[in-house]
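Participant: There's a structure below that I have some questions on.
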There are 2 protein chains.
Amino acid sequence: MKSSPGDSRRPQRADARDNRDRLLQAARAVFDEQGPHASLNKIAQKAGVGPGTLYRHFPNLQALLVAIIGGDVEVLCAQGRELLEHPSPDEALRMWLGAVARHATAMRGLVAAEMIAQPTKETSTALAACHQAIHTTGTALLGRAQQHGNAPARLDIADLLILTNAIAWASEQTPTDTGLLDRLLALINTAVPNPHPHEPRK
Amino acid sequence: MKSSPGDSRRPQRADARDNRDRLLQAARAVFDEQGPHASLNKIAQKAGVGPGTLYRHFPNLQALLVAIIGGDVEVLCAQGRELLEHPSPDEALRMWLGAVARHATAMRGLVAAEMIAQPTKETSTALAACHQAIHTTGTALLGRAQQHGNAPARLDIADLLILTNAIAWASEQTPTDTGLLDRLLALINTAVPNPHPHEPRK
DNA sequence: TAGAGTACGGAGAACCTCTCCGCTTATCAA
DNA sequence: TTGATAAGCGGAGAGGTTCTCCGTACTCTA
C-alpha cells in the first residue's frame, strides 16, 4: 500500500497543516469521550479554530471520522496479513473478525458501518480506500479458510463483515453489557466451524 | 394480555384523543417517508398541531415510536404463539426471528433496537411492555426448540433478539441490497441447527 | 520585502428538540 | 342551559445543532 487512506488532501500551507492536525487530535479526544454524536462545534472549539476551518478541512462528519480511522484501518490490515501465517486458517479468520468488531466498537460503530457497507453516492475516495483495504484483507483470510480450513464455500466476506459490524453496533448500543460483543461473535462463529471443538456435538 | 402496549395513557377529552390519533397517523406517514430521523416538528405540522401538543402526548421520539409499533408488537407475539404449534420447533424459532427482523427493518431498525436492548433509566412503561412481550414470546419459542428441537442449551433469547435486530439494522443501512436481510439471517441460522440436515454432521 | 493567493474564524442562516404559559375549549354539576 | 373548572392547545422562544459566507490576516514565493 503506497499511501495511508487517512492522509488524503494534506494541505500545503504550514498553518493549515497545523490546524488539520489539531482538529484530528481534538476530534479523537472528543469522540472518545462523547461518542460519535459529539458536536462538531465542540471539536472545533477544543482545537482552537472556528467552525469554518473545521468544515473547510472536513466537509462533513463522515470525512472527519474516515480521516481519524484511516491509520487504524492500516493496523487492522497489517494484523490480517500476519494472521495469514497463523497455523489455523479458521481460527485466523475468527480472530481477525473479532479484531474488526472490537475496533468498530472502539470507534463507536458508526464509521466502520459506513466503511464496510456498500459505498454510497457520496463516498469519498478516502472512504473507498478504507473499504477496499478491509475487504481485500478479509477476502484473503476467508479464501484461505475456505481452501485449507473448514469455512463453507458459500460464505461471503462482504456479508461476514457487515454482520461483524452489526454486532459491533449492537454491543455499542448496550455498553453496560461488557460481554455482549464476545457472546454475539460466538453466535456467528458457528458459521466458521471450529476445527478443535472442546465439546463434541451430538 | 389485558391491554395493548400501544394504548397507554389514552387521554379522556375528545379533542385530545383526536389530536393524539392524528399525530400517530402523521408520524406513521412521515417515518415511512423519511425514516426514523424525521423531524418531530414536521410531524406536528403535518398533523396540524403545535409542537407543544406533540410533546405533551409523546415526551420524546422513543415514546412516539413505541406508540406506533405497539400494535405491531401484538401481531408479532400472536404470530409467535401460533408458531408454538408448528411441527418443527427449530423451524418455528427461525421463522419467528425472521418475522421480527423483517418487522424491525420495516420500522427502520431504531425502535426495535431500543425495544430489545436493555431498558434504560428512562424506559417508559409502554416500552417495557413491548420489550417484555417480545421477550416472553421468544423465550417460549426458544425453550421449545431447546427441549424438543436441536437448539443448543447455551443459546440465550436476549442475545438472539439483539443479533436479529442488529441484522435488521445492517440491512436497513444498505437498502439497495434487498437480499441482505435473508442472507445474514441464514448466517446465524447455523446457530439453530436445521432438524433435517442434508449433510450429516460428524 | 512586497504582492498574490490561501486560509482563518466569527457572524449568522436555517434547521433541530423541547419548554413555558396565557388562552381556549370540553366537560359536567347545578 | 349555563357557568365553573380543569384539561388541553399552540406559538414564542431558549438553546442546541450543522454548515456557509466573506472580510481579514497570514504564508509563501519571487
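In the C-alpha cells, chains take letters A, B, ... by order of appearance, with residues numbered from 1 within each chain and ligands from 1 in the order shown.
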Any idea what's packed within 12 Å of C:DA2, counting only C-alpha atoms (C1' of nucleotides), ignoring anything in its chain fewer than 4 positions away? Could you give it as a ChimeraX atom specification?
Facilitator: /D:28-30
Participant: Could those residues be written to a file, using C-alpha atoms (C1' of nucleotides), as an mmCIF file, in the first residue's frame?
Facilitator:
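Saved to out.cif:
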```
data_model
loop_
_atom_site.group_PDB
_atom_site.id
_atom_site.type_symbol
_atom_site.label_atom_id
_atom_site.label_comp_id
_atom_site.auth_asym_id
_atom_site.auth_seq_id
_atom_site.Cartn_x
_atom_site.Cartn_y
_atom_site.Cartn_z
ATOM 1 C "C1'" DC D 28 4.738 31.652 0.782
ATOM 2 C "C1'" DT D 29 7.372 32.862 -3.272
ATOM 3 C "C1'" DA D 30 9.812 35.679 -6.189
#
```
Participant: Distance limit 8 Å, atoms considered: only C-alpha atoms (C1' of nucleotides). Which chain D residues sit that close to chain B? Return them as an MDAnalysis selection string.
Facilitator: chainID D and resid 7:11
Participant: Produce a file of the selected residues containing C-alpha atoms (C1' of nucleotides), as a compact mmCIF listing (two decimals), in the first residue's frame.
Facilitator:
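Output contents, as saved in selection07.txt:
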```txt
# COMPACT_ATOMS: atom_id res chain seq x y z
C1' DA D 7 -57.72 19.84 30.56
C1' DG D 8 -55.67 20.79 26.50
C1' DC D 9 -53.86 23.86 22.84
C1' DG D 10 -50.15 26.11 20.33
C1' DG D 11 -46.90 29.56 19.42
```
Participant: Would you kindly return, as a PyMOL selection string, each protein, DNA or RNA residue with an atom no farther than 6 Å from any atom of stretch 170-186 of chain A, considering only C-alpha atoms (C1' of nucleotides) and excluding same-chain residues fewer than 2 positions away?
Facilitator: (chain A and resi 105+167-168+188-189) or (chain B and resi 166)
Participant: Using only C-alpha atoms (C1' of nucleotides), find which residues of chain C lie within 10 Å of chain A and jot them down as a PDB file with C-alpha atoms (C1' of nucleotides), in the first residue's frame.
Facilitator:
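Dumped to part_18.pdb:
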```pdb
ATOM      1  C1'  DT C   6      -4.508  30.755   0.573  1.00  0.00           C
ATOM      2  C1'  DA C   7      -6.590  30.016   4.952  1.00  0.00           C
ATOM      3  C1'  DC C   8      -8.823  31.786   9.042  1.00  0.00           C
ATOM      4  C1'  DG C   9     -12.855  32.464  12.012  1.00  0.00           C
ATOM      5  C1'  DG C  10     -16.872  34.616  13.544  1.00  0.00           C
TER       6       DG C  10
END
```
Participant: B:Thr164: which residues within 9 Å, counting only C-alpha atoms (C1' of nucleotides), same-chain residues fewer than 6 positions away excluded, as a ChimeraX atom specification?
Facilitator: /B:97-98,100-101,104,185,188
Participant: Applying 12 Å and only C-alpha atoms (C1' of nucleotides), which residues near A:Ala78 remain after dropping the ones on its own chain fewer than 5 positions away? List them as an MDAnalysis selection string.
Facilitator: chainID A and resid 1 71:73 83:85 96 99:100 133:134 136:138
Participant: Quick one: write out the picked residues with C-alpha atoms as a PDB file, in the first residue's frame?
Facilitator:
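The resulting file, selection20.pdb, is reproduced below:
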```pdb
ATOM      1  CA  MET A   1       0.000   0.000   0.000  1.00  0.00           C
ATOM      2  CA  GLY A  71      -4.487   4.783  10.351  1.00  0.00           C
ATOM      3  CA  ASP A  72      -6.419   2.222  12.346  1.00  0.00           C
ATOM      4  CA  VAL A  73      -7.503   0.528   9.161  1.00  0.00           C
ATOM      5  CA  LEU A  83      -2.824 -13.821  10.613  1.00  0.00           C
ATOM      6  CA  LEU A  84      -2.373 -15.300   7.135  1.00  0.00           C
ATOM      7  CA  GLU A  85       0.590 -17.129   8.704  1.00  0.00           C
ATOM      8  CA  TRP A  96      -9.486 -11.106  12.644  1.00  0.00           C
ATOM      9  CA  ALA A  99     -10.406  -7.562  15.965  1.00  0.00           C
ATOM     10  CA  VAL A 100     -12.546  -5.767  13.382  1.00  0.00           C
ATOM     11  CA  ALA A 133      -8.388  -2.336   2.229  1.00  0.00           C
ATOM     12  CA  ILE A 134     -10.614  -4.101   4.746  1.00  0.00           C
ATOM     13  CA  THR A 136      -9.041  -7.224   0.460  1.00  0.00           C
ATOM     14  CA  THR A 137      -7.672  -8.433   3.776  1.00  0.00           C
ATOM     15  CA  GLY A 138     -10.897 -10.209   4.608  1.00  0.00           C
TER      16      GLY A 138
END
```
Participant: At what distance in Å, to one decimal, does atom CA of B:His131 lie from atom CA of B:Arg144?
Facilitator: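 For atom CA of B:Arg144 relative to atom CA of B:His131, the distance reads 20.2 Å.
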Participant: With the cut-off set at 10 Å and counting only C-alpha atoms (C1' of nucleotides), tabulate each residue of stretch 22-80 of chain A with an atom at most that distance from an atom of stretch 18-27 of chain D, showing the nearest atom pair and its distance in Å to one decimal, ordered by chain and increasing number, as JSON lines.
Facilitator:
```
{"residue": "A:Ser39", "atom": "CA", "partner": "D:DT18", "partner_atom": "C1'", "distance": 9.0}
{"residue": "A:Leu40", "atom": "CA", "partner": "D:DT18", "partner_atom": "C1'", "distance": 8.2}
{"residue": "A:Asn41", "atom": "CA", "partner": "D:DT18", "partner_atom": "C1'", "distance": 8.7}
{"residue": "A:Pro51", "atom": "CA", "partner": "D:DC19", "partner_atom": "C1'", "distance": 8.6}
{"residue": "A:Gly52", "atom": "CA", "partner": "D:DT20", "partner_atom": "C1'", "distance": 8.0}
{"residue": "A:Tyr55", "atom": "CA", "partner": "D:DC19", "partner_atom": "C1'", "distance": 7.5}
{"residue": "A:Pro59", "atom": "CA", "partner": "D:DC19", "partner_atom": "C1'", "distance": 8.8}
{"residue": "A:Asn60", "atom": "CA", "partner": "D:DC19", "partner_atom": "C1'", "distance": 8.9}
{"residue": "A:Leu61", "atom": "CA", "partner": "D:DT18", "partner_atom": "C1'", "distance": 9.8}
```
Participant: Output C-alpha atoms for every residue in the selection just made, as a compact mmCIF listing (two decimals), in the first residue's frame.
Facilitator:
```
# COMPACT_ATOMS: atom_id res chain seq x y z
CA SER A 39 -20.92 18.20 18.36
CA LEU A 40 -18.55 19.27 15.61
CA ASN A 41 -18.61 22.76 17.06
CA PRO A 51 -16.26 26.16 12.73
CA GLY A 52 -15.50 27.41 9.24
CA TYR A 55 -15.73 22.43 7.67
CA PRO A 59 -16.86 18.83 4.73
CA ASN A 60 -18.92 16.53 6.94
CA LEU A 61 -18.85 14.20 9.91
```
